[in-house]
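As provided, protein-v9.cif (mmCIF, C-alpha atoms (C1' of nucleotides)) reads as follows.
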data_structure
loop_
_atom_site.label_atom_id
_atom_site.label_comp_id
_atom_site.auth_asym_id
_atom_site.auth_seq_id
_atom_site.Cartn_x
_atom_site.Cartn_y
_atom_site.Cartn_z
CA MET V 1 -11.41 10.08 -34.85
CA PRO V 2 -14.20 9.86 -32.34
CA LYS V 3 -15.56 12.99 -30.71
CA GLN V 4 -12.80 15.43 -29.92
CA VAL V 5 -11.95 15.25 -26.25
CA ASP V 6 -9.98 17.61 -24.07
CA HIS V 7 -7.21 15.27 -23.12
CA GLU V 8 -6.02 17.20 -20.08
CA GLU V 9 -9.50 17.73 -18.83
CA ARG V 10 -10.16 14.00 -18.91
CA ARG V 11 -6.95 13.36 -17.03
CA ARG V 12 -7.95 15.86 -14.42
CA HIS V 13 -11.30 14.17 -14.09
CA LEU V 14 -9.61 10.83 -13.48
CA ALA V 15 -7.18 12.51 -11.10
CA GLY V 16 -10.17 13.71 -9.12
CA ALA V 17 -11.34 10.13 -8.74
CA VAL V 18 -7.87 9.09 -7.65
CA LEU V 19 -7.68 11.83 -5.06
CA HIS V 20 -11.12 11.01 -3.75
CA LEU V 21 -10.19 7.37 -3.29
CA ILE V 22 -6.84 8.08 -1.67
CA GLY V 23 -8.31 10.69 0.62
CA ALA V 24 -11.10 8.40 1.70
CA ARG V 25 -9.46 5.00 1.82
CA GLY V 26 -5.73 5.46 1.46
CA LEU V 27 -3.18 4.93 -1.25
CA GLU V 28 -3.83 1.24 -1.62
CA ALA V 29 -7.44 1.94 -2.55
CA ALA V 30 -6.40 3.67 -5.74
CA THR V 31 -6.38 0.58 -7.96
CA LEU V 32 -7.01 0.92 -11.66
CA ARG V 33 -10.39 -0.76 -11.33
CA ALA V 34 -11.47 1.33 -8.37
CA VAL V 35 -10.46 4.54 -10.11
CA ALA V 36 -12.34 3.52 -13.22
CA ALA V 37 -15.45 2.74 -11.20
CA GLU V 38 -15.19 5.98 -9.23
CA ALA V 39 -14.84 7.98 -12.41
CA GLY V 40 -17.63 6.07 -14.09
CA VAL V 41 -15.55 4.73 -16.95
CA SER V 42 -13.99 1.43 -17.85
CA MET V 43 -10.53 0.33 -16.91
CA GLY V 44 -9.48 0.72 -20.49
CA ALA V 45 -10.19 4.43 -20.35
CA VAL V 46 -7.90 4.87 -17.37
CA GLN V 47 -5.19 2.97 -19.16
CA HIS V 48 -5.75 5.12 -22.20
CA TYR V 49 -4.93 8.28 -20.30
CA PHE V 50 -2.16 6.95 -18.07
CA LYS V 51 0.45 4.51 -19.25
CA THR V 52 1.11 3.15 -15.79
CA LYS V 53 -0.44 3.33 -12.37
CA ASP V 54 2.53 5.24 -10.99
CA GLU V 55 2.08 7.89 -13.65
CA MET V 56 -1.57 8.15 -12.69
CA VAL V 57 -0.92 8.57 -8.99
CA LEU V 58 1.87 11.04 -9.63
CA PHE V 59 -0.32 13.13 -11.91
CA ALA V 60 -3.10 13.05 -9.32
CA MET V 61 -0.78 14.23 -6.60
CA GLU V 62 0.50 17.04 -8.78
CA HIS V 63 -3.06 17.95 -9.59
CA ASN V 64 -3.77 18.10 -5.88
CA GLN V 65 -0.99 20.60 -5.40
CA HIS V 66 -2.54 22.79 -8.08
CA LEU V 67 -5.89 22.56 -6.32
CA LEU V 68 -4.33 23.51 -3.00
CA ALA V 69 -2.46 26.39 -4.59
CA ALA V 70 -5.69 27.62 -6.14
CA ARG V 71 -7.48 27.43 -2.82
CA VAL V 72 -4.76 29.40 -1.09
CA ARG V 73 -4.67 31.93 -3.91
CA LYS V 74 -8.36 32.52 -3.40
CA ARG V 75 -7.80 33.41 0.21
CA PHE V 76 -4.83 35.38 -0.93
CA ALA V 77 -7.04 37.57 -3.07
CA GLU V 78 -9.33 38.50 -0.21
CA PRO V 79 -8.86 41.99 1.23
CA PRO V 80 -5.62 41.72 3.18
CA GLY V 81 -6.33 43.59 6.41
CA SER V 82 -3.24 43.59 8.59
CA ALA V 83 -0.31 41.38 7.71
CA ARG V 84 -0.95 39.33 10.77
CA GLU V 85 -4.55 38.71 9.85
CA TRP V 86 -3.52 37.82 6.36
CA PHE V 87 -1.10 35.16 7.55
CA ARG V 88 -3.62 33.84 10.00
CA ARG V 89 -6.24 33.48 7.31
CA VAL V 90 -4.03 31.81 4.75
CA ILE V 91 -2.58 29.40 7.27
CA GLN V 92 -5.96 28.46 8.58
CA GLU V 93 -6.81 27.44 5.04
CA MET V 94 -3.85 25.09 5.05
CA LEU V 95 -4.64 23.44 8.36
CA PRO V 96 -7.02 20.47 8.38
CA THR V 97 -10.08 22.23 9.76
CA SER V 98 -12.66 22.00 7.02
CA GLU V 99 -13.47 18.63 5.53
CA GLU V 100 -11.88 19.82 2.31
CA SER V 101 -8.58 20.66 3.94
CA ARG V 102 -8.73 17.49 6.01
CA ALA V 103 -8.89 15.55 2.77
CA GLY V 104 -5.88 17.53 1.63
CA ALA V 105 -4.00 16.58 4.76
CA ARG V 106 -4.84 12.92 4.30
CA LEU V 107 -3.53 13.15 0.78
CA TYR V 108 -0.38 14.81 2.01
CA ALA V 109 0.17 11.97 4.47
CA ALA V 110 -0.14 9.51 1.60
CA LEU V 111 2.25 11.57 -0.48
CA GLN V 112 4.88 11.59 2.23
CA ALA V 113 4.61 7.88 2.81
CA ARG V 114 5.14 7.20 -0.86
CA ALA V 115 7.88 9.82 -1.13
CA VAL V 116 9.93 7.68 1.21
CA VAL V 117 10.28 5.03 -1.47
CA ASP V 118 9.50 6.85 -4.71
CA PRO V 119 11.95 9.53 -5.89
CA ALA V 120 9.38 11.20 -8.14
CA MET V 121 7.05 11.58 -5.18
CA ALA V 122 9.93 12.75 -3.05
CA SER V 123 10.71 15.59 -5.42
CA LEU V 124 7.03 16.47 -5.41
CA ALA V 125 7.12 16.58 -1.62
CA VAL V 126 10.22 18.75 -1.69
CA HIS V 127 8.52 21.00 -4.20
CA ALA V 128 5.53 21.36 -1.89
CA ILE V 129 7.73 22.21 1.07
CA GLU V 130 9.83 24.70 -0.84
CA GLY V 131 6.76 26.20 -2.43
CA ALA V 132 5.11 26.83 0.90
CA THR V 133 8.28 28.18 2.44
CA ALA V 134 8.97 30.47 -0.50
CA PHE V 135 5.40 31.67 -0.30
CA TYR V 136 5.83 32.63 3.34
CA ARG V 137 9.21 34.17 2.65
CA ALA V 138 7.93 36.37 -0.14
CA ARG V 139 5.07 37.67 1.97
CA LEU V 140 7.31 38.24 4.97
CA GLU V 141 9.73 40.13 2.78
CA ASP V 142 6.88 42.34 1.56
CA VAL V 143 5.81 43.10 5.09
CA ARG V 144 9.37 43.82 6.11
CA GLN V 145 9.80 46.29 3.26
CA GLU V 146 6.66 48.03 4.41
CA GLY V 147 8.16 48.36 7.86
CA GLY V 148 5.84 45.84 9.49
CA LEU V 149 8.79 43.75 10.56
CA PRO V 150 12.27 44.56 11.91
CA ALA V 151 14.61 45.50 9.07
CA ASP V 152 17.30 43.08 10.23
CA LEU V 153 14.97 40.10 10.48
CA ASP V 154 16.23 36.88 8.94
CA VAL V 155 13.26 36.43 6.65
CA ASP V 156 14.52 33.15 5.36
CA ARG V 157 14.75 31.54 8.74
CA GLU V 158 11.51 33.10 9.84
CA ALA V 159 9.74 31.55 6.85
CA ARG V 160 11.15 28.13 7.65
CA SER V 161 10.21 28.53 11.27
CA LEU V 162 6.67 29.44 10.36
CA TYR V 163 6.47 26.50 8.00
CA SER V 164 7.63 24.13 10.71
CA THR V 165 5.10 25.35 13.22
CA VAL V 166 2.26 25.17 10.73
CA SER V 167 3.07 21.79 9.27
CA GLY V 168 3.69 20.44 12.75
CA LEU V 169 0.11 21.30 13.64
CA VAL V 170 -1.33 19.24 10.82
CA ALA V 171 -0.97 15.75 12.24
CA PRO V 172 -2.30 16.57 15.73
CA LEU V 173 -5.32 18.25 14.20
CA LEU V 174 -5.89 15.53 11.65
CA PHE V 175 -5.87 12.74 14.21
CA GLY V 176 -7.63 14.69 16.89
CA ALA V 177 -4.67 14.88 19.24
CA CYS V 178 -5.43 18.56 19.71
CA THR V 179 -8.40 20.81 19.17
CA GLU V 180 -8.62 23.54 16.59
CA GLU V 181 -8.55 26.09 19.39
CA GLU V 182 -5.33 24.71 20.79
CA ALA V 183 -3.79 24.73 17.34
CA MET V 184 -4.82 28.31 16.73
CA GLU V 185 -3.40 29.26 20.11
CA VAL V 186 -0.05 27.91 19.07
CA LEU V 187 -0.27 29.66 15.74
CA ASP V 188 -1.31 32.94 17.35
CA ALA V 189 1.57 32.74 19.78
CA HIS V 190 3.91 32.27 16.85
CA LEU V 191 2.43 35.18 14.94
CA ASP V 192 2.47 37.37 18.04
CA ARG V 193 6.15 36.75 18.41
CA MET V 194 6.84 37.40 14.74
CA PHE V 195 4.93 40.61 14.52
CA GLY V 196 6.03 41.72 17.95
CA MET S 1 5.89 -29.29 23.60
CA PRO S 2 8.95 -28.35 21.61
CA LYS S 3 11.64 -26.25 23.15
CA GLN S 4 10.17 -23.50 25.28
CA VAL S 5 10.36 -20.24 23.42
CA ASP S 6 10.04 -16.70 24.69
CA HIS S 7 6.90 -15.80 22.84
CA GLU S 8 7.27 -12.05 23.16
CA GLU S 9 10.90 -12.14 22.22
CA ARG S 10 10.07 -13.99 19.02
CA ARG S 11 7.39 -11.46 18.21
CA ARG S 12 9.83 -8.64 18.75
CA HIS S 13 12.29 -10.36 16.45
CA LEU S 14 9.68 -10.57 13.73
CA ALA S 15 8.68 -6.97 14.45
CA GLY S 16 12.28 -5.99 13.81
CA ALA S 17 12.09 -7.57 10.38
CA VAL S 18 8.83 -5.76 9.71
CA LEU S 19 10.31 -2.42 10.71
CA HIS S 20 13.39 -2.98 8.63
CA LEU S 21 11.29 -3.71 5.56
CA ILE S 22 8.93 -0.79 6.06
CA GLY S 23 11.77 1.60 6.80
CA ALA S 24 13.65 0.51 3.71
CA ARG S 25 10.93 -0.12 1.17
CA GLY S 26 7.67 1.19 2.55
CA LEU S 27 4.55 -0.29 4.02
CA GLU S 28 3.67 -2.34 0.99
CA ALA S 29 6.95 -4.22 1.25
CA ALA S 30 5.92 -5.79 4.53
CA THR S 31 4.27 -8.87 3.09
CA LEU S 32 4.07 -12.07 5.10
CA ARG S 33 6.54 -13.76 2.81
CA ALA S 34 9.00 -10.88 2.81
CA VAL S 35 8.88 -10.64 6.59
CA ALA S 36 9.45 -14.37 6.91
CA ALA S 37 12.43 -14.21 4.57
CA GLU S 38 13.87 -11.15 6.32
CA ALA S 39 13.55 -12.85 9.69
CA GLY S 40 14.94 -16.10 8.35
CA VAL S 41 11.91 -18.22 9.14
CA SER S 42 9.04 -19.70 7.19
CA MET S 43 5.76 -18.02 6.53
CA GLY S 44 4.11 -20.45 8.91
CA ALA S 45 6.18 -19.08 11.75
CA VAL S 46 4.98 -15.56 11.10
CA GLN S 47 1.40 -16.76 10.99
CA HIS S 48 2.02 -18.62 14.21
CA TYR S 49 2.91 -15.45 16.04
CA PHE S 50 0.45 -13.07 14.39
CA LYS S 51 -3.08 -14.04 13.50
CA THR S 52 -3.35 -11.44 10.76
CA LYS S 53 -1.07 -9.12 8.87
CA ASP S 54 -2.72 -6.08 10.42
CA GLU S 55 -1.94 -7.40 13.88
CA MET S 56 1.64 -7.90 12.83
CA VAL S 57 2.09 -4.40 11.45
CA LEU S 58 0.38 -2.87 14.45
CA PHE S 59 2.60 -4.75 16.86
CA ALA S 60 5.65 -3.70 14.89
CA MET S 61 4.64 -0.06 15.02
CA GLU S 62 4.05 -0.27 18.75
CA HIS S 63 7.40 -1.93 19.12
CA ASN S 64 8.96 0.93 17.21
CA GLN S 65 7.53 3.43 19.64
CA HIS S 66 9.11 1.51 22.49
CA LEU S 67 12.43 1.57 20.70
CA LEU S 68 12.18 5.30 20.12
CA ALA S 69 11.23 5.88 23.75
CA ALA S 70 14.22 3.86 24.83
CA ARG S 71 16.54 5.84 22.60
CA VAL S 72 15.25 9.12 23.95
CA ARG S 73 15.46 7.85 27.51
CA LYS S 74 19.10 7.09 26.93
CA ARG S 75 19.80 10.67 25.92
CA PHE S 76 17.62 11.68 28.78
CA ALA S 77 19.93 9.94 31.23
CA GLU S 78 23.01 11.80 30.05
CA PRO S 79 24.27 14.62 32.29
CA PRO S 80 21.73 17.35 31.77
CA GLY S 81 23.81 20.49 31.55
CA SER S 82 21.56 23.49 31.12
CA ALA S 83 17.87 22.99 30.41
CA ARG S 84 18.36 24.47 27.00
CA GLU S 85 21.15 22.07 26.14
CA TRP S 86 19.10 19.20 27.41
CA PHE S 87 16.19 20.04 25.12
CA ARG S 88 18.49 20.58 22.21
CA ARG S 89 20.10 17.22 22.69
CA VAL S 90 16.89 15.25 23.10
CA ILE S 91 15.25 16.92 20.15
CA GLN S 92 18.23 16.33 17.95
CA GLU S 93 17.78 12.65 18.71
CA MET S 94 14.23 12.85 17.42
CA LEU S 95 15.07 14.63 14.19
CA PRO S 96 16.09 12.54 11.16
CA THR S 97 19.81 13.23 11.24
CA SER S 98 21.41 9.86 11.87
CA GLU S 99 20.50 6.95 9.66
CA GLU S 100 18.81 5.37 12.64
CA SER S 101 16.52 8.31 13.24
CA ARG S 102 15.92 8.70 9.53
CA ALA S 103 14.59 5.16 9.53
CA GLY S 104 12.39 6.17 12.43
CA ALA S 105 11.05 9.11 10.47
CA ARG S 106 10.30 6.92 7.48
CA LEU S 107 8.43 4.59 9.77
CA TYR S 108 6.50 7.49 11.20
CA ALA S 109 5.49 8.59 7.74
CA ALA S 110 4.18 5.10 7.08
CA LEU S 111 2.35 5.12 10.39
CA GLN S 112 0.63 8.38 9.62
CA ALA S 113 -0.42 7.26 6.17
CA ARG S 114 -1.98 4.14 7.59
CA ALA S 115 -3.50 6.01 10.53
CA VAL S 116 -5.62 7.88 8.02
CA VAL S 117 -7.56 4.70 7.26
CA ASP S 118 -6.90 2.45 10.23
CA PRO S 119 -8.35 3.50 13.61
CA ALA S 120 -5.94 1.32 15.57
CA MET S 121 -3.03 3.05 13.85
CA ALA S 122 -4.68 6.40 14.39
CA SER S 123 -4.82 5.88 18.13
CA LEU S 124 -1.20 4.83 18.04
CA ALA S 125 -0.37 8.05 16.22
CA VAL S 126 -2.34 10.06 18.76
CA HIS S 127 -0.51 8.23 21.52
CA ALA S 128 2.81 9.15 19.96
CA ILE S 129 1.85 12.80 19.66
CA GLU S 130 0.49 13.03 23.17
CA GLY S 131 3.44 11.12 24.53
CA ALA S 132 5.93 13.52 22.98
CA THR S 133 3.95 16.57 24.04
CA ALA S 134 3.53 15.31 27.60
CA PHE S 135 7.23 14.59 27.68
CA TYR S 136 8.05 18.17 26.73
CA ARG S 137 5.46 19.53 29.12
CA ALA S 138 6.82 17.61 32.09
CA ARG S 139 10.34 18.80 31.42
CA LEU S 140 9.24 22.37 30.88
CA GLU S 141 7.30 22.24 34.13
CA ASP S 142 10.41 21.03 35.94
CA VAL S 143 12.45 23.88 34.54
CA ARG S 144 9.75 26.36 35.42
CA GLN S 145 9.68 25.16 39.02
CA GLU S 146 13.42 25.62 39.17
CA GLY S 147 12.98 29.19 38.01
CA GLY S 148 14.49 28.63 34.59
CA LEU S 149 11.29 29.82 32.95
CA PRO S 150 8.78 32.59 33.72
CA ALA S 151 6.39 31.53 36.48
CA ASP S 152 3.35 32.54 34.48
CA LEU S 153 4.35 30.63 31.35
CA ASP S 154 1.63 28.52 29.76
CA VAL S 155 3.62 25.31 29.87
CA ASP S 156 0.93 23.38 28.09
CA ARG S 157 0.87 25.63 25.08
CA GLU S 158 4.62 25.95 25.09
CA ALA S 159 4.93 22.17 24.92
CA ARG S 160 2.56 21.98 22.00
CA SER S 161 4.36 24.79 20.29
CA LEU S 162 7.68 23.05 20.70
CA TYR S 163 6.20 19.83 19.41
CA SER S 164 4.88 21.56 16.33
CA THR S 165 8.18 23.16 15.50
CA VAL S 166 10.09 19.95 15.97
CA SER S 167 7.74 17.67 14.10
CA GLY S 168 7.46 20.25 11.34
CA LEU S 169 11.19 19.97 10.79
CA VAL S 170 11.05 16.25 10.20
CA ALA S 171 9.71 16.16 6.65
CA PRO S 172 12.01 18.87 5.26
CA LEU S 173 15.02 17.12 6.74
CA LEU S 174 13.90 13.69 5.65
CA PHE S 175 13.40 14.69 2.04
CA GLY S 176 16.33 17.05 1.90
CA ALA S 177 14.29 20.22 1.54
CA CYS S 178 16.48 21.79 4.18
CA THR S 179 19.88 21.12 5.66
CA GLU S 180 20.53 19.99 9.17
CA GLU S 181 22.09 23.37 9.88
CA GLU S 182 19.00 25.21 8.77
CA ALA S 183 16.83 22.94 10.88
CA MET S 184 18.99 23.48 13.93
CA GLU S 185 18.85 27.23 13.32
CA VAL S 186 15.08 27.10 13.48
CA LEU S 187 15.21 24.94 16.57
CA ASP S 188 17.75 27.20 18.25
CA ALA S 189 15.65 30.25 17.50
CA HIS S 190 12.70 28.53 19.11
CA LEU S 191 14.70 27.54 22.17
CA ASP S 192 16.20 31.04 22.42
CA ARG S 193 12.76 32.48 22.54
CA MET S 194 11.55 29.97 25.12
CA PHE S 195 14.46 30.34 27.47
CA GLY S 196 14.74 34.07 26.91
"C1'" DC D 1 6.67 -44.44 28.30
"C1'" DG D 2 3.02 -42.39 25.98
"C1'" DT D 3 0.22 -38.55 25.16
"C1'" DT D 4 -0.52 -34.12 24.08
"C1'" DT D 5 0.70 -29.65 23.16
"C1'" DT D 6 3.67 -26.43 20.99
"C1'" DA D 7 6.39 -24.44 17.21
"C1'" DC D 8 6.92 -24.32 13.24
"C1'" DA D 9 6.99 -25.84 7.79
"C1'" DA D 10 4.87 -26.71 3.28
"C1'" DT D 11 1.45 -26.07 0.30
"C1'" DG D 12 -2.90 -24.93 -1.69
"C1'" DC D 13 -6.42 -21.52 -2.81
"C1'" DA D 14 -9.32 -17.70 -3.82
"C1'" DT D 15 -8.69 -13.07 -4.70
"C1'" DC D 16 -6.69 -9.07 -6.38
"C1'" DT D 17 -3.21 -6.58 -8.83
"C1'" DG D 18 -1.21 -4.05 -12.98
"C1'" DC D 19 -0.74 -4.60 -17.60
"C1'" DA D 20 -1.20 -6.47 -22.49
"C1'" DT D 21 -4.18 -7.60 -26.14
"C1'" DG D 22 -7.75 -7.33 -29.36
"C1'" DG D 23 -11.55 -5.55 -30.43
"C1'" DT D 24 -15.17 -1.62 -31.99
"C1'" DA D 25 -17.40 2.54 -32.90
"C1'" DA D 26 -17.15 7.29 -33.80
"C1'" DC D 27 -15.52 10.84 -36.57
"C1'" DA D 28 -12.07 13.80 -39.01
"C1'" DA D 29 -9.47 13.95 -43.11
"C1'" DA D 30 -8.50 12.31 -47.97
"C1'" DT P 1 -16.88 7.36 -49.52
"C1'" DT P 2 -12.88 5.52 -47.97
"C1'" DT P 3 -9.30 5.57 -44.74
"C1'" DG P 4 -7.04 6.21 -40.60
"C1'" DT P 5 -6.83 7.74 -36.10
"C1'" DT P 6 -8.72 8.28 -31.69
"C1'" DA P 7 -11.21 6.94 -27.62
"C1'" DC P 8 -12.51 3.81 -25.45
"C1'" DC P 9 -14.32 -1.35 -23.75
"C1'" DA P 10 -13.90 -6.25 -22.57
"C1'" DT P 11 -11.12 -9.80 -21.51
"C1'" DG P 12 -7.17 -12.50 -20.45
"C1'" DC P 13 -3.01 -13.43 -17.87
"C1'" DA P 14 0.86 -13.96 -14.92
"C1'" DG P 15 2.27 -12.77 -10.59
"C1'" DA P 16 1.56 -11.58 -5.90
"C1'" DT P 17 -0.95 -11.61 -1.53
"C1'" DG P 18 -3.34 -12.99 2.77
"C1'" DC P 19 -5.07 -16.77 4.84
"C1'" DA P 20 -6.49 -21.76 5.68
"C1'" DT P 21 -5.12 -26.37 5.90
"C1'" DT P 22 -2.31 -30.09 6.78
"C1'" DG P 23 1.77 -32.22 8.26
"C1'" DT P 24 5.58 -33.06 11.55
"C1'" DA P 25 9.05 -33.12 14.94
"C1'" DA P 26 10.34 -31.99 19.43
"C1'" DA P 27 9.70 -31.81 24.21
"C1'" DA P 28 7.04 -30.92 28.39
"C1'" DC P 29 3.85 -33.54 31.19
"C1'" DG P 30 1.15 -37.38 33.16
#

Please render this file's structure as C-alpha cells.
Amino acid sequence: MPKQVDHEERRRHLAGAVLHLIGARGLEAATLRAVAAEAGVSMGAVQHYFKTKDEMVLFAMEHNQHLLAARVRKRFAEPPGSAREWFRRVIQEMLPTSEESRAGARLYAALQARAVVDPAMASLAVHAIEGATAFYRARLEDVRQEGGLPADLDVDREARSLYSTVSGLVAPLLFGACTEEEAMEVLDAHLDRMFG
Amino acid sequence: MPKQVDHEERRRHLAGAVLHLIGARGLEAATLRAVAAEAGVSMGAVQHYFKTKDEMVLFAMEHNQHLLAARVRKRFAEPPGSAREWFRRVIQEMLPTSEESRAGARLYAALQARAVVDPAMASLAVHAIEGATAFYRARLEDVRQEGGLPADLDVDREARSLYSTVSGLVAPLLFGACTEEEAMEVLDAHLDRMFG
DNA sequence: CGTTTTACAATGCATCTGCATGGTAACAAA
DNA sequence: TTTGTTACCATGCAGATGCATTGTAAAACG
C-alpha cells in the first residue's frame, strides 16, 4: 500500500471543495474537474473517493449539515442567559448574516433545487427541516418545563411556527430584499409573542 | 414575410414548455433541444425567439410570475368574506397544496438556486418577494383603515412577518416534512394572532 | 410580379460533461 | 525480497450542450 490515508478525512476535504464551488458558483459549477482543481488533486483522486458525481454531491451536502450543526452547537454551548436570548442567538446564527452563514444559505438553496428532482436530496432536505424543528421543539419543551412558557402551549406547533418564520427570513436576507434589522424585527416580534 | 405571427404569444408558448420541463425535471432539463421537443417545434424556432438560453429561462421565469399573479388575482376577485378568510384563501393558493401550486413551488426553488449565481434572476427573486410583501401590506392597510386591525399596528412589519411564515411553510409542504393540516394550523395561529 | 423579409428547419462544431481504462509508485504484509 | 493492495494520475471516449451557419418556403410589400 502507499502511505496510509484517513479515507474519511480525504472525503471531507473534497467535500469542502465541492461546497466552496457550489456556494460560490452554484450547483453546476461542481464538476469533477473543477472539484479536483479546487482541492488541488487530479480528477482520478476524486473518482477514487466517490464512485459517481451524485454520490459526491450528496456526501458534500450531508457534510454541510454536519458543519451547520456544529456551528449551532457552538452557540448552543455559550452561557444561555434567558431563554429568549438563547433562541435569538441561535437563530441569528442560522440566518444569512455573516458571510459564512450566507454561504450556508446559498448551499441550502442549491439543495432544495436538487431535492425537487433527486429523492436522496429530498430526504436530506426533509431531514434538515425535521432536525431544525425538533431542535426548536426540544428547547421549547425545556423552557416550558421550567415554567418559562404556558403549561398548555402546543410546543409542537410552536416549533413549526418558529421554523417557518425563521426559514422564511432566509431568502429575503440572502437576496437583499430586506435588511438584517427588518429581519430581526420580525424575529423579535415572534419571540415576544412566544415568550409573552 | 411568412404568415404573421404573434411574437409574444409564441414566446409565451415556448416559456410554457420551459416551465413544464423545469417544474418536472429541474433546471438542467431545460435544454434547447428538450424545450423544442416539448413545444413541438425545431431547435431553430427556439433560437429564433430567444437569442440565448439564459434569455429564454429568464423570460420563462418572468412569465411564471405573471401566471402566479393571475392565479392569485382570481382568488382575489372572489367574494371577500371576512378579512381573515380572505387572507387564508389567498395564502392557501400560494402554498404547494394543489399540483399546480406544487409545480409553482418547484419552479420557485429553481429560481432561487439560480438567483444565487445570476443577478438577473436575483432581481427577479427580489421582485417576487417585494411583490408578495407589498401585496400583503396593501391588504393589511385596507383592513386597518376599516378598523379590522389595531390603528397603531406596524403594517409593514406585519406584512413581512406574514410573508416569512407563509414562505417558510413552502419547503416543508413541498418535501412532505409536514402535512397540509399542520401547515394550516401554523397559518391559522398566525392569522389568529394578527386579527386578535 | 418580383423582391425582400420573416419564420422557421437542418446541420455542423467546439466545448464540456461524467465515467472507464490503464497505468505507476508507494508501502504494508508475506 | 517479493507480492499485493492502495492511492492516485493521465488519458480517452461517447454523449450532450449551446450556439453559429446555412438553407428554404411563405407571404407581405413595392

Separation of CA of Glu55 in chain S from CA of Ala109 in chain V in Å: 21.6 Å

12 Å contacts from chain V to chain D using all atoms listed in the file, as a ChimeraX atom specification: /V:1-5,28-34,43-44,46-48,50-54

Residues returned when the PyMOL selection byres ((chain V) within 9 of (chain S)) runs on this file, as a ChimeraX atom specification: /V:23-28,106-117,122-123,125-127,129-130,157-158,160-172,174-178,182-183,185-187,189-190,193

Report as JSON lines: every residue of chain P with an atom at most 9 Å from chain S, its closest pair of atoms, and their distance in Å to one decimal, counting only C-alpha atoms (C1' of nucleotides), with rows sorted by chain and ascending residue number.
{"residue": "P:DT17", "atom": "C1'", "partner": "S:Thr31", "partner_atom": "CA", "distance": 7.5}
{"residue": "P:DG18", "atom": "C1'", "partner": "S:Lys53", "partner_atom": "CA", "distance": 7.6}
{"residue": "P:DC19", "atom": "C1'", "partner": "S:Thr52", "partner_atom": "CA", "distance": 8.1}
{"residue": "P:DA25", "atom": "C1'", "partner": "S:Pro2", "partner_atom": "CA", "distance": 8.2}
{"residue": "P:DA26", "atom": "C1'", "partner": "S:Pro2", "partner_atom": "CA", "distance": 4.5}
{"residue": "P:DA27", "atom": "C1'", "partner": "S:Pro2", "partner_atom": "CA", "distance": 4.4}
{"residue": "P:DA28", "atom": "C1'", "partner": "S:Met1", "partner_atom": "CA", "distance": 5.2}
{"residue": "P:DC29", "atom": "C1'", "partner": "S:Met1", "partner_atom": "CA", "distance": 8.9}

For the residues in the current selection, export C-alpha atoms (C1' of nucleotides) as a PDB file, keeping the file's coordinate frame.
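Final file, again.pdb:
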ATOM      1  C1'  DT P  17      -0.950 -11.610  -1.530  1.00  0.00           C
ATOM      2  C1'  DG P  18      -3.340 -12.990   2.770  1.00  0.00           C
ATOM      3  C1'  DC P  19      -5.070 -16.770   4.840  1.00  0.00           C
ATOM      4  C1'  DA P  25       9.050 -33.120  14.940  1.00  0.00           C
ATOM      5  C1'  DA P  26      10.340 -31.990  19.430  1.00  0.00           C
ATOM      6  C1'  DA P  27       9.700 -31.810  24.210  1.00  0.00           C
ATOM      7  C1'  DA P  28       7.040 -30.920  28.390  1.00  0.00           C
ATOM      8  C1'  DC P  29       3.850 -33.540  31.190  1.00  0.00           C
TER       9       DC P  29
END

Close residues, Gly196 in chain S itself excluded, 12 Å, only C-alpha atoms (C1' of nucleotides), min 4 positions apart in chain, as a list in words: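 Contacts, with the query itself left out: Arg84, Gly148, Leu149, Pro150, Leu153, Asp188, Ala189, His190, Leu191 and Asp192 of chain S.
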
Straight-line distance linking CA of His66 in chain V with CA of Pro79 in chain V, stated in Å to one decimal: 22.3 Å

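Put simply, CA of Trp86 in chain S is 28.7 Å away from CA of Phe195 in chain V.
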
Taking (7.9, 2.4, 15.8) in the file's own coordinates, collect the residues within 9 Å, counting all atoms listed in the file, and hand them back as a compact mmCIF listing (two decimals) with C-alpha atoms, in the coordinates of the input.
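To be explicit, this is the file written out as point09.txt:
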# COMPACT_ATOMS: atom_id res chain seq x y z
CA LEU S 19 10.31 -2.42 10.71
CA PHE S 59 2.60 -4.75 16.86
CA ALA S 60 5.65 -3.70 14.89
CA MET S 61 4.64 -0.06 15.02
CA GLU S 62 4.05 -0.27 18.75
CA HIS S 63 7.40 -1.93 19.12
CA ASN S 64 8.96 0.93 17.21
CA GLN S 65 7.53 3.43 19.64
CA HIS S 66 9.11 1.51 22.49
CA LEU S 67 12.43 1.57 20.70
CA LEU S 68 12.18 5.30 20.12
CA GLY S 104 12.39 6.17 12.43
CA LEU S 107 8.43 4.59 9.77
CA TYR S 108 6.50 7.49 11.20
CA LEU S 111 2.35 5.12 10.39

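If you apply the PyMOL selection byres ((chain S and resi 72) around 10) to this structure, you end up with S:His66, S:Leu67, S:Leu68, S:Ala69, S:Ala70, S:Arg71, S:Arg73, S:Lys74, S:Arg75, S:Phe76, S:Ala77, S:Arg89, S:Val90, S:Ile91, S:Gln92, S:Glu93, S:Met94.
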
Is it possible to get the axis-aligned box enclosing range 20-25 of chain P (all listed atoms, 8 Å extra per side) as JSON, with centre and edge lengths in Å rounded to one decimal?
{"center_x": 1.3, "center_y": -27.4, "center_z": 10.3, "size_x": 31.5, "size_y": 27.4, "size_z": 25.3}
